[in-house]
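**Student:** Here you go, final_9.cif (mmCIF, C-alpha atoms):
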```cif
data_target
loop_
_atom_site.label_atom_id
_atom_site.label_comp_id
_atom_site.auth_asym_id
_atom_site.auth_seq_id
_atom_site.Cartn_x
_atom_site.Cartn_y
_atom_site.Cartn_z
CA MET O 1 0.00 0.00 0.00
CA GLN O 2 1.36 3.38 -0.95
CA VAL O 3 1.44 6.03 1.77
CA PRO O 4 0.29 9.41 0.54
CA ARG O 5 2.80 12.24 0.79
CA PHE O 6 2.05 15.82 1.89
CA ASP O 7 3.51 17.08 -1.27
CA ASP O 8 0.94 15.23 -3.40
CA ALA O 9 -1.30 17.45 -5.46
CA PRO O 10 -4.48 16.65 -3.55
CA GLY O 11 -2.66 17.39 -0.29
CA ARG O 12 -1.41 20.70 -1.60
CA ARG O 13 -4.94 21.63 -2.58
CA ARG O 14 -6.44 20.68 0.81
CA LEU O 15 -3.84 22.55 2.94
CA PRO O 16 -4.80 26.08 1.85
CA VAL O 17 -8.47 25.28 2.47
CA PHE O 18 -7.62 24.12 5.94
CA LEU O 19 -5.54 27.20 6.66
CA ALA O 20 -8.24 29.45 5.29
CA GLY O 21 -10.75 27.82 7.57
CA ALA O 22 -8.41 28.24 10.52
CA GLY O 23 -7.85 31.89 9.64
CA PHE O 24 -11.58 32.57 9.49
CA LEU O 25 -12.01 30.85 12.83
CA ALA O 26 -9.22 32.98 14.35
CA LEU O 27 -10.85 36.16 13.08
CA LEU O 28 -14.15 35.06 14.56
CA ILE O 29 -12.44 34.39 17.89
CA VAL O 30 -10.81 37.86 17.90
CA ALA O 31 -14.12 39.51 17.08
CA LEU O 32 -15.91 37.62 19.85
CA ALA O 33 -13.11 38.51 22.24
CA GLY O 34 -13.46 42.20 21.40
CA ALA O 35 -17.23 42.04 21.90
CA THR O 36 -16.99 40.29 25.26
CA GLY O 37 -14.05 42.29 26.62
CA GLY O 38 -11.47 39.45 26.53
CA LEU O 39 -10.09 36.46 24.61
CA ARG O 40 -11.74 33.13 25.36
CA THR O 41 -10.91 29.61 24.03
CA VAL O 42 -13.56 28.16 21.83
CA PRO O 43 -14.17 24.48 22.61
CA GLY O 44 -12.29 22.31 20.16
CA THR O 45 -9.79 25.00 19.32
CA PRO O 46 -6.25 24.79 20.72
CA ALA O 47 -5.55 27.56 23.22
CA ALA O 48 -2.26 28.37 21.52
CA ALA O 49 -4.09 29.28 18.33
CA ALA O 50 -5.65 32.39 19.87
CA PRO O 51 -2.54 34.55 20.18
CA GLU O 52 -1.38 33.47 16.77
CA ALA O 53 -4.75 34.42 15.25
CA ALA O 54 -4.82 37.76 17.04
CA ALA O 55 -1.43 38.58 15.63
CA MET O 56 -2.80 38.15 12.11
CA VAL O 57 -5.23 41.13 12.59
CA PRO O 58 -3.86 44.65 13.23
CA ALA O 59 -5.03 45.97 16.57
CA PRO O 60 -7.06 49.20 16.27
CA THR O 61 -4.78 52.11 17.10
CA THR O 62 -5.04 55.90 16.97
CA ALA O 63 -2.87 57.29 14.21
CA THR O 64 0.05 59.21 15.60
CA LEU O 65 0.27 62.58 13.77
CA ALA O 66 2.98 65.19 13.94
CA PRO O 67 1.89 68.03 16.26
CA HIS O 68 0.33 70.99 14.36
CA LYS O 69 2.39 74.13 14.63
CA PRO O 70 0.11 77.22 14.23
CA THR O 71 1.42 80.02 12.14
CA PRO O 72 2.79 82.56 14.60
CA ALA O 73 0.67 85.74 14.79
CA GLU O 74 2.24 88.82 13.31
CA ARG O 75 3.60 91.20 15.90
CA PHE O 76 3.59 94.95 15.56
CA ARG O 77 5.17 97.87 17.34
CA ALA O 78 3.51 101.26 17.40
CA VAL O 79 4.45 104.83 18.21
CA THR O 80 2.04 107.72 18.82
CA VAL O 81 2.99 111.39 18.50
CA ARG O 82 1.32 114.80 18.13
CA LEU O 83 1.57 116.99 15.07
CA ALA O 84 3.91 119.88 15.87
CA ARG O 85 3.32 123.53 15.05
CA ASN O 86 4.06 124.39 11.39
CA GLN O 87 4.60 120.68 10.65
CA THR O 88 3.01 118.88 7.71
CA LEU O 89 1.81 115.29 7.76
CA ALA O 90 4.63 114.22 5.43
CA GLN O 91 7.25 115.93 7.62
CA ALA O 92 5.89 114.15 10.69
CA LEU O 93 6.13 110.75 8.98
CA VAL O 94 9.67 111.42 7.81
CA LYS O 95 10.63 112.36 11.37
CA LEU O 96 9.27 108.95 12.45
CA ASP O 97 11.73 107.29 10.03
CA VAL O 98 9.07 106.16 7.57
CA PRO O 99 10.77 105.65 4.16
CA MET O 100 10.05 108.42 1.67
CA ALA O 101 8.40 106.01 -0.78
CA GLN O 102 5.93 104.93 1.90
CA VAL O 103 5.35 108.54 2.99
CA ASN O 104 4.40 109.44 -0.57
CA ALA O 105 2.14 106.37 -0.79
CA VAL O 106 0.33 107.30 2.44
CA VAL O 107 -0.18 110.92 1.38
CA ALA O 108 -1.37 109.85 -2.07
CA SER O 109 -3.92 107.42 -0.60
CA LEU O 110 -5.36 110.19 1.62
CA LYS O 111 -5.85 112.71 -1.19
CA GLY O 112 -9.49 113.53 -1.69
CA LEU O 113 -10.38 111.95 1.65
CA PHE O 114 -8.40 113.88 4.26
CA PRO O 115 -8.56 117.72 4.37
CA PHE O 116 -4.84 118.46 4.60
CA HIS O 117 -5.53 122.20 5.07
CA ARG O 118 -7.34 121.38 8.32
CA ALA O 119 -4.36 119.64 9.94
CA ARG O 120 -3.53 121.45 13.15
CA PRO O 121 -0.97 121.21 15.96
CA GLY O 122 -1.90 118.61 18.54
CA ASP O 123 -3.52 116.18 16.09
CA GLN O 124 -2.61 112.57 16.96
CA LEU O 125 -0.55 110.39 14.60
CA ARG O 126 -0.04 106.66 15.16
CA VAL O 127 2.36 104.53 13.12
CA GLU O 128 2.31 100.72 13.35
CA ARG O 129 5.19 98.67 11.93
CA ARG O 130 5.71 94.93 11.56
CA ASP O 131 8.14 93.57 14.12
CA ASP O 132 9.96 91.26 11.73
CA ASP O 133 10.92 93.68 8.96
CA GLY O 134 9.92 97.13 10.26
CA GLU O 135 7.61 97.76 7.29
CA LEU O 136 4.71 100.19 7.73
CA HIS O 137 1.53 98.22 8.44
CA ARG O 138 -1.02 100.84 9.48
CA PHE O 139 -1.14 104.60 9.95
CA SER O 140 -3.90 106.55 11.69
CA TYR O 141 -4.57 110.29 11.98
CA ARG O 142 -6.95 111.45 14.71
CA GLN O 143 -8.39 114.93 15.20
CA GLY O 144 -11.03 114.04 17.76
CA PRO O 145 -13.66 111.46 18.71
CA ALA O 146 -15.47 111.82 15.38
CA ASP O 147 -12.57 112.46 13.01
CA GLU O 148 -10.09 109.64 12.43
CA TRP O 149 -8.49 108.46 9.19
CA THR O 150 -6.59 105.20 8.73
CA VAL O 151 -4.21 103.99 6.02
CA GLU O 152 -3.58 100.24 5.90
CA ARG O 153 -1.26 98.09 3.81
CA LYS O 154 -3.07 95.56 1.60
CA GLU O 155 -1.79 92.10 0.64
CA ASP O 156 -0.37 93.38 -2.63
CA GLY O 157 1.73 95.95 -0.75
CA SER O 158 -0.34 99.01 -1.73
CA PHE O 159 -2.02 101.29 0.79
CA GLU O 160 -5.75 101.93 1.25
CA ALA O 161 -7.17 104.90 3.17
CA ARG O 162 -10.57 105.35 4.77
CA LYS O 163 -12.29 107.50 7.36
CA ARG O 164 -13.45 105.60 10.40
CA PRO O 165 -17.26 105.59 10.55
CA VAL O 166 -18.57 107.15 13.76
CA GLU O 167 -22.12 106.97 15.07
CA LEU O 168 -23.31 110.41 16.19
CA THR O 169 -26.27 110.65 18.55
CA THR O 170 -27.89 113.58 20.35
CA GLU O 171 -29.37 113.45 23.82
CA VAL O 172 -30.95 116.13 25.97
CA ALA O 173 -29.33 116.44 29.40
CA ARG O 174 -29.80 118.47 32.57
CA VAL O 175 -26.64 120.02 34.00
CA ALA O 176 -26.71 121.61 37.45
CA VAL O 177 -23.74 123.15 39.29
CA LYS O 178 -23.13 125.14 42.43
CA VAL O 179 -20.55 127.85 41.94
CA GLU O 180 -17.40 127.38 43.99
CA GLY O 181 -14.62 129.58 42.69
CA SER O 182 -15.20 130.21 38.99
CA LEU O 183 -18.08 128.87 36.94
CA TRP O 184 -15.48 127.25 34.65
CA ALA O 185 -13.89 125.29 37.50
CA SER O 186 -17.32 124.40 38.94
CA LEU O 187 -18.36 122.79 35.65
CA GLU O 188 -15.09 120.85 35.52
CA ARG O 189 -15.69 119.48 39.00
CA ALA O 190 -19.19 118.42 37.92
CA GLY O 191 -17.64 116.31 35.14
CA GLU O 192 -18.74 118.64 32.34
CA ASP O 193 -16.70 120.31 29.63
CA PRO O 194 -16.00 123.82 30.98
CA GLU O 195 -16.75 125.20 27.51
CA LEU O 196 -20.36 125.00 28.69
CA ALA O 197 -19.61 128.18 30.65
CA VAL O 198 -19.13 130.00 27.34
CA LEU O 199 -22.51 128.78 26.09
CA ALA O 200 -24.12 129.85 29.35
CA SER O 201 -22.62 133.34 29.12
CA ASP O 202 -23.87 133.57 25.54
CA VAL O 203 -27.47 132.70 26.46
CA LEU O 204 -27.57 134.82 29.63
CA ALA O 205 -25.47 137.67 28.24
CA TRP O 206 -28.39 140.15 28.42
CA ASP O 207 -29.09 139.49 32.11
CA VAL O 208 -26.00 138.18 33.86
CA ASP O 209 -22.55 139.76 33.86
CA PHE O 210 -20.25 136.78 34.36
CA TYR O 211 -17.40 139.06 35.42
CA GLN O 212 -19.22 140.97 38.16
CA ASP O 213 -22.37 139.08 39.13
CA VAL O 214 -20.93 135.63 39.94
CA ARG O 215 -20.63 134.80 43.65
CA ALA O 216 -19.68 131.67 45.57
CA GLY O 217 -22.82 129.72 46.37
CA ASP O 218 -24.67 130.79 43.20
CA ALA O 219 -26.39 128.00 41.27
CA MET O 220 -26.78 127.43 37.54
CA THR O 221 -28.92 124.83 35.80
CA MET O 222 -29.10 124.16 32.07
CA VAL O 223 -30.97 121.88 29.72
CA VAL O 224 -28.61 121.30 26.83
CA GLU O 225 -28.16 119.01 23.85
CA LYS O 226 -25.14 116.71 24.00
CA VAL O 227 -23.77 115.38 20.73
CA LEU O 228 -22.13 112.00 21.35
CA ALA O 229 -19.61 110.17 19.16
CA ASP O 230 -19.59 106.43 19.87
CA GLY O 231 -21.23 107.23 23.20
CA LYS O 232 -18.66 109.87 24.25
CA LEU O 233 -19.27 113.62 24.43
CA LEU O 234 -18.18 115.31 21.22
CA ARG O 235 -19.69 118.76 21.71
CA TYR O 236 -22.69 120.57 23.10
CA GLY O 237 -25.59 121.46 20.83
CA GLU O 238 -28.30 124.02 21.55
CA VAL O 239 -28.99 125.31 25.04
CA LEU O 240 -32.73 124.69 25.45
CA ALA O 241 -33.05 126.38 28.83
CA ALA O 242 -30.85 128.14 31.37
CA GLU O 243 -31.45 129.29 34.92
CA TYR O 244 -29.09 131.29 37.09
CA LYS O 245 -29.78 132.03 40.75
CA GLY O 246 -27.30 134.31 42.46
CA GLU O 247 -26.79 136.86 45.17
CA ALA O 248 -26.07 139.70 42.73
CA ALA O 249 -27.85 138.50 39.59
CA GLY O 250 -31.08 137.38 41.25
CA ARG O 251 -33.04 134.63 39.47
CA LYS O 252 -32.94 134.54 35.68
CA ARG O 253 -34.59 131.74 33.68
CA LEU O 254 -34.77 131.56 29.89
CA PHE O 255 -36.16 129.12 27.32
CA ARG O 256 -35.25 128.65 23.68
CA TYR O 257 -38.31 128.97 21.43
CA THR O 258 -38.83 128.94 17.67
CA ASP O 259 -42.07 130.63 16.62
CA PRO O 260 -44.27 129.47 13.69
CA ASP O 261 -42.48 131.96 11.41
CA GLY O 262 -39.15 130.22 12.10
CA HIS O 263 -37.63 132.94 14.30
CA THR O 264 -35.64 131.58 17.25
CA SER O 265 -34.78 133.46 20.42
CA TYR O 266 -34.80 133.17 24.21
CA TYR O 267 -37.72 134.16 26.44
CA ASP O 268 -38.58 134.03 30.13
CA ASP O 269 -41.50 132.05 31.58
CA ASN O 270 -43.97 134.77 30.63
CA GLY O 271 -42.81 135.11 27.02
CA ASN O 272 -40.78 138.29 27.56
CA SER O 273 -37.76 138.50 25.28
CA ALA O 274 -34.33 137.93 26.81
CA ARG O 275 -32.76 140.01 24.08
CA ARG O 276 -31.95 143.66 24.75
CA GLY O 277 -30.42 146.29 22.56
CA PHE O 278 -27.16 145.98 24.52
CA LEU O 279 -25.32 143.07 26.09
CA LYS O 280 -24.13 143.27 29.68
CA SER O 281 -20.49 142.92 28.53
CA PRO O 282 -18.41 142.93 25.31
CA LEU O 283 -16.50 139.79 26.38
CA LYS O 284 -17.78 136.32 27.16
CA LEU O 285 -15.40 135.58 30.03
CA ALA O 286 -13.10 138.13 31.66
CA ARG O 287 -12.83 140.22 34.82
CA VAL O 288 -13.28 143.93 35.51
CA THR O 289 -9.89 145.38 36.45
CA SER O 290 -10.88 149.02 36.59
CA GLY O 291 -14.31 150.61 36.91
CA PHE O 292 -15.89 153.85 35.74
CA GLY O 293 -14.90 157.13 37.48
CA MET O 294 -11.85 158.99 38.74
CA ARG O 295 -8.60 157.08 39.11
CA ASN O 296 -4.84 157.50 39.09
CA HIS O 297 -3.73 156.71 35.54
CA PRO O 298 -1.02 153.99 35.66
CA LEU O 299 1.04 155.52 32.82
CA LEU O 300 0.33 159.25 33.00
CA GLY O 301 0.83 159.32 36.78
CA TYR O 302 -2.01 161.66 37.74
CA VAL O 303 -5.69 161.40 38.59
CA ARG O 304 -8.07 161.64 35.69
CA ALA O 305 -11.54 160.45 34.80
CA HIS O 306 -11.72 156.85 33.65
CA GLN O 307 -14.57 157.09 31.19
CA GLY O 308 -15.18 153.41 30.73
CA VAL O 309 -14.57 149.94 32.17
CA ASP O 310 -11.42 147.84 31.79
CA TYR O 311 -11.72 144.08 31.33
CA GLY O 312 -8.64 141.94 31.88
CA ALA O 313 -8.31 139.17 29.29
CA PRO O 314 -5.53 137.43 27.35
CA THR O 315 -4.30 138.86 24.06
CA GLY O 316 -6.37 137.53 21.18
CA THR O 317 -9.62 137.11 23.16
CA PRO O 318 -12.53 137.88 20.77
CA VAL O 319 -14.43 141.10 21.42
CA TRP O 320 -18.06 141.27 20.28
CA ALA O 321 -20.37 144.16 19.47
CA VAL O 322 -22.71 144.80 22.39
CA GLY O 323 -25.49 145.75 19.99
CA ASP O 324 -26.51 146.15 16.37
CA GLY O 325 -24.98 149.21 14.77
CA GLN O 326 -22.66 150.72 12.21
CA VAL O 327 -18.87 151.01 12.38
CA ARG O 328 -18.01 154.69 12.78
CA GLU O 329 -14.25 154.24 13.28
CA ALA O 330 -11.90 151.29 12.89
CA GLY O 331 -8.14 151.65 13.27
CA TRP O 332 -5.60 153.60 15.29
CA LYS O 333 -7.09 156.10 17.78
CA GLY O 334 -4.33 157.82 19.77
CA GLY O 335 -4.04 156.58 23.36
CA CYS O 336 -6.78 154.01 22.65
CA GLY O 337 -4.41 152.25 20.27
CA LYS O 338 -6.22 150.09 17.75
CA ALA O 339 -9.90 150.78 18.33
CA VAL O 340 -13.44 150.37 17.04
CA VAL O 341 -16.30 152.82 17.56
CA LEU O 342 -19.87 151.70 16.84
CA LYS O 343 -22.91 153.90 16.41
CA HIS O 344 -26.19 152.42 17.71
CA ARG O 345 -29.83 153.47 17.85
CA ASN O 346 -31.18 155.91 20.43
CA GLY O 347 -28.05 158.07 20.29
CA LEU O 348 -25.74 155.46 21.80
CA GLU O 349 -22.11 154.77 20.85
CA SER O 350 -19.79 152.02 22.09
CA VAL O 351 -15.99 152.29 22.11
CA TYR O 352 -13.47 149.40 22.21
CA CYS O 353 -9.79 150.28 22.82
CA HIS O 354 -6.29 148.69 22.97
CA LEU O 355 -7.16 145.94 20.47
CA SER O 356 -4.44 143.71 19.05
CA ALA O 357 -6.36 143.51 15.76
CA VAL O 358 -9.49 144.99 14.22
CA ALA O 359 -11.99 142.71 12.46
CA VAL O 360 -14.32 145.30 10.85
CA SER O 361 -14.01 148.35 8.66
CA ALA O 362 -15.55 151.84 8.85
CA GLY O 363 -19.00 152.24 7.32
CA LYS O 364 -20.00 148.57 7.63
CA ALA O 365 -23.03 147.34 9.55
CA VAL O 366 -22.49 144.93 12.45
CA SER O 367 -24.86 142.77 14.46
CA GLN O 368 -25.00 142.10 18.17
CA LYS O 369 -22.44 139.45 19.24
CA GLN O 370 -20.44 139.87 16.01
CA VAL O 371 -16.69 139.76 16.62
CA ILE O 372 -15.26 143.21 15.87
CA GLY O 373 -11.70 142.79 17.16
CA TYR O 374 -9.37 141.05 19.61
CA VAL O 375 -7.99 142.01 23.03
CA GLY O 376 -4.51 143.50 22.97
CA SER O 377 -2.29 146.12 24.60
CA THR O 378 -1.88 148.84 21.99
CA GLY O 379 -1.78 152.57 22.81
CA LEU O 380 -1.51 153.74 26.43
CA SER O 381 -1.74 150.32 28.02
CA THR O 382 0.24 148.48 30.69
CA GLY O 383 -0.92 144.99 29.65
CA PRO O 384 -3.52 143.04 27.69
CA HIS O 385 -7.02 144.30 28.42
CA LEU O 386 -10.07 145.86 26.79
CA HIS O 387 -11.16 149.40 27.59
CA PHE O 388 -14.91 149.58 26.92
CA ALA O 389 -16.86 152.81 26.97
CA VAL O 390 -20.39 153.95 26.10
CA LYS O 391 -21.60 157.40 25.09
CA ARG O 392 -25.17 158.63 25.28
CA GLY O 393 -25.93 161.92 23.55
CA GLY O 394 -22.18 162.59 23.26
CA SER O 395 -21.38 162.09 26.98
CA PHE O 396 -19.75 159.04 28.57
CA VAL O 397 -21.95 156.97 30.88
CA ASN O 398 -21.18 154.03 33.17
CA PRO O 399 -21.64 150.88 31.01
CA LEU O 400 -22.32 148.77 34.10
CA ARG O 401 -25.37 150.83 35.01
CA LEU O 402 -26.82 151.15 31.56
CA GLN O 403 -30.47 150.10 31.37
CA ILE O 404 -31.65 149.05 27.92
CA PRO O 405 -35.26 147.89 27.29
CA ARG O 406 -35.94 144.36 26.06
CA ASP O 407 -37.14 143.47 22.59
CA ALA O 408 -40.81 142.80 21.98
CA PRO O 409 -42.38 139.81 23.80
CA ILE O 410 -44.01 136.82 22.10
CA PRO O 411 -47.19 137.90 20.30
CA ALA O 412 -50.39 136.87 22.06
CA LYS O 413 -51.40 134.66 19.13
CA TRP O 414 -48.39 132.39 19.79
CA ALA O 415 -48.64 132.29 23.59
CA ALA O 416 -50.32 128.86 23.63
CA ASP O 417 -47.75 127.44 21.19
CA PHE O 418 -44.93 128.81 23.36
CA ALA O 419 -46.37 127.27 26.54
CA GLU O 420 -46.84 123.88 24.88
CA LYS O 421 -43.38 123.72 23.34
CA ILE O 422 -41.40 124.72 26.43
CA ALA O 423 -43.39 122.47 28.81
CA PRO O 424 -41.04 119.43 28.47
CA THR O 425 -37.98 121.67 28.82
CA ARG O 426 -39.44 123.38 31.87
CA ALA O 427 -39.96 119.95 33.47
CA ARG O 428 -36.38 118.88 32.70
CA LEU O 429 -35.03 122.13 34.11
CA ALA O 430 -36.89 121.43 37.35
CA GLY O 431 -35.50 117.87 37.44
CA GLU O 432 -38.88 116.26 36.82
CA PRO O 433 -39.22 113.09 34.71
CA VAL O 434 -40.19 113.69 31.09
CA ALA O 435 -42.01 111.12 28.99
CA LEU O 436 -40.13 110.28 25.76
CA ASN O 437 -42.06 110.25 22.50
#
```
Would you write the structure of this file as structure tokens?
**Tutor:**
Amino acid sequence: MQVPRFDDAPGRRRLPVFLAGAGFLALLIVALAGATGGLRTVPGTPAAAAPEAAAMVPAPTTATLAPHKPTPAERFRAVTVRLARNQTLAQALVKLDVPMAQVNAVVASLKGLFPFHRARPGDQLRVERRDDDGELHRFSYRQGPADEWTVERKEDGSFEARKRPVELTTEVARVAVKVEGSLWASLERAGEDPELAVLASDVLAWDVDFYQDVRAGDAMTMVVEKVLADGKLLRYGEVLAAEYKGEAAGRKRLFRYTDPDGHTSYYDDNGNSARRGFLKSPLKLARVTSGFGMRNHPLLGYVRAHQGVDYGAPTGTPVWAVGDGQVREAGWKGGCGKAVVLKHRNGLESVYCHLSAVAVSAGKAVSQKQVIGYVGSTGLSTGPHLHFAVKRGGSFVNPLRLQIPRDAPIPAKWAADFAEKIAPTRARLAGEPVALN
């Protein structure tokens, strides 16, 4: 009898089938082991076959990847400066070591967008450069909360300019202060822009002399529009109401009213006009340094009549016409230095001396509160001040005691309209809640 050999053809054919069956069985065992949490021996299968079968199937593993390295963020360095007096934008950039080619590119991108003629000392310039190569990345020019221009480098290396959009809103606010020291300082302590004192003096100019009438302990309340840029105060708008209560001035309260014909002015509670033919003073804010009457002249050295009032103020302070009139003289006037003389109605004349500059010419008409010149120290003067005098019928009178009647009150036909329109403002002035429309 012939013994079959393993290398016979039938044997060679059966061996792969057997191995395939064993492989399938091993896979099944591995799968069952994974499902049951461990490897168990299937009856009839040698225990040693399990590890061998498991080795034939790759164990599930998490692919090991190289750690991702994020692109490092660009770093910039910035410098902020102020535009100097008599300095152009280009000169400022050159001084900051910006290459001339980039300076020209920045200026060119701003043309037609930025008003170069409005650049003024104190404007803020900010230059941002890349840390790696020092190249200009961004440039900004700021004139205030609502005026800022930026120039930024684009991907292609060119520069693009734009004006930053700013949201402007207007709100009506009540401002109340107690005077301690000056009105200017009192407003500052109250957290308000002291420029509000100038607006107050403008509105109350017919009734309150802010150089003589202000006393410690006086109180002022205003209802005023506040124009906000991105929520921050940009400027004040119209003064809707003003009240001043003081020891010398008494109680003055005025409301802004526009009648059906479109004429706007200030009136008291009863509709009487605040406007008079003459203002109480030719300057908004100053102090009386010498009154009307006899005095020892500081330069001439003897006693003589001082036929006006001297107001101390810095050189260049605007001087306004106290009333409507016509310019009778404008120019040099002996000891008065540079001067302006105005002729008014009712035989009145006003004289303004020692000006540093004159802003009107003889023969021209002027209106009340129009700037006619600027405080100086020309002529017989020991320092910057304004000598102000008034003539009635050719004779000098004390300007501080001059009584001028008010303009006409609100016509009776508009009384109801006036009362209705000022009612919300009156409530705000008193600190009462006002319903919003």
**Student:** Between atom CA of Pro405 of chain O and atom CA of Leu279 of chain O, measure the distance and give it in Å to one decimal.
**Tutor:**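 Taking atom CA of Pro405 of chain O as the start and atom CA of Leu279 of chain O as the end point, the length is 11.1 Å.
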**Student:** Please measure the separation of atom CA of Gly337 of chain O and atom CA of Val322 of chain O, giving the value in Å to one decimal.
**Tutor:** 19.9 Å
**Student:** Would you work out the distance separating atom CA of Ser109 of chain O from atom CA of Leu234 of chain O, expressed in Å to one decimal?
**Tutor:** 27.2 Å
**Student:** Given the file above and the PyMOL selection byres ((chain O and resi 93-99) around 9), which residues are selected, and can you give them as a ChimeraX atom specification?
**Tutor:** /O:79,88-92,100-104,125,127,135-136
**Student:** Exactly which residues make up the result of the PyMOL selection byres ((chain O and resi 364-369) around 10) on this file, given as number ranges by chain?
**Tutor:** O: 202, 205, 275-279, 282-284, 319-329, 342-344, 360-363, 370-372
**Student:** Pick out the closest residue to His354 of chain O from this set: O:Leu380, O:Val227, O:Val341, O:Ala249. Count only C-alpha atoms.
**Tutor:**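 The answer is O:Leu380, which sits nearest to His354 of chain O.
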**Student:** Report as a tab-separated table (two decimals) with C-alpha atoms, in the frame of the given file the residues that result from applying the PyMOL selection byres ((chain O and resi 77) around 9) to the structure here.
**Tutor:**
```tsv
chain	number	residue	atom	x	y	z
O	75	ARG	CA	3.60	91.20	15.90
O	76	PHE	CA	3.59	94.95	15.56
O	78	ALA	CA	3.51	101.26	17.40
O	79	VAL	CA	4.45	104.83	18.21
O	127	VAL	CA	2.36	104.53	13.12
O	128	GLU	CA	2.31	100.72	13.35
O	129	ARG	CA	5.19	98.67	11.93
O	130	ARG	CA	5.71	94.93	11.56
O	131	ASP	CA	8.14	93.57	14.12
O	134	GLY	CA	9.92	97.13	10.26
```
**Student:** Considering only C-alpha atoms, return as a list in words whatever protein or nucleic-acid residues lie within 12 Å of Gly431 of chain O, sequence-local ones (same chain, fewer than 2 positions apart) excluded.
**Tutor:**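 Surrounding residues, per the criterion: Ala173, Arg174, Val175, Ala176, Thr221, Met222, Val223, Pro424, Thr425, Arg426, Ala427, Arg428, Leu429, Pro433 and Val434 of chain O.
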**Student:** From the list O:Phe159, O:Gly217, O:Arg164, O:Asn86, which residue is nearest Ser186 of chain O when using only C-alpha atoms?
**Tutor:**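 Checking each of O:Phe159, O:Gly217, O:Arg164, O:Asn86 against Ser186 of chain O, counting only C-alpha atoms, the winner is O:Gly217.
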**Student:** Quick one: residues within 9 Å of (-28.7, 116.2, 21.9) (file frame), counting all atoms listed in the file, please, as a list in words.
**Tutor:**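 Those residues, ordered by chain and then number, are Thr169, Thr170, Glu171, Val172, Ala173, Val224, Glu225, Lys226, Val227, Leu228, Tyr236, Gly237 and Glu238 of chain O.
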**Student:** Choose the residue, out of O:Val198, O:Val107, O:Val177, O:Ala416, that has the smallest atom-to-atom separation from Glu243 of chain O; count all atoms listed in the file.
**Tutor:**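 Using all atoms listed in the file, Glu243 of chain O sits closest to O:Val177.
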**Student:** Within 10 Å of Phe418 of chain O, counting only C-alpha atoms, which residues qualify if same-chain residues fewer than 2 places away don't, as a PyMOL selection string?
**Tutor:** chain O and resi 255-260+267+269-271+410-416+420-423
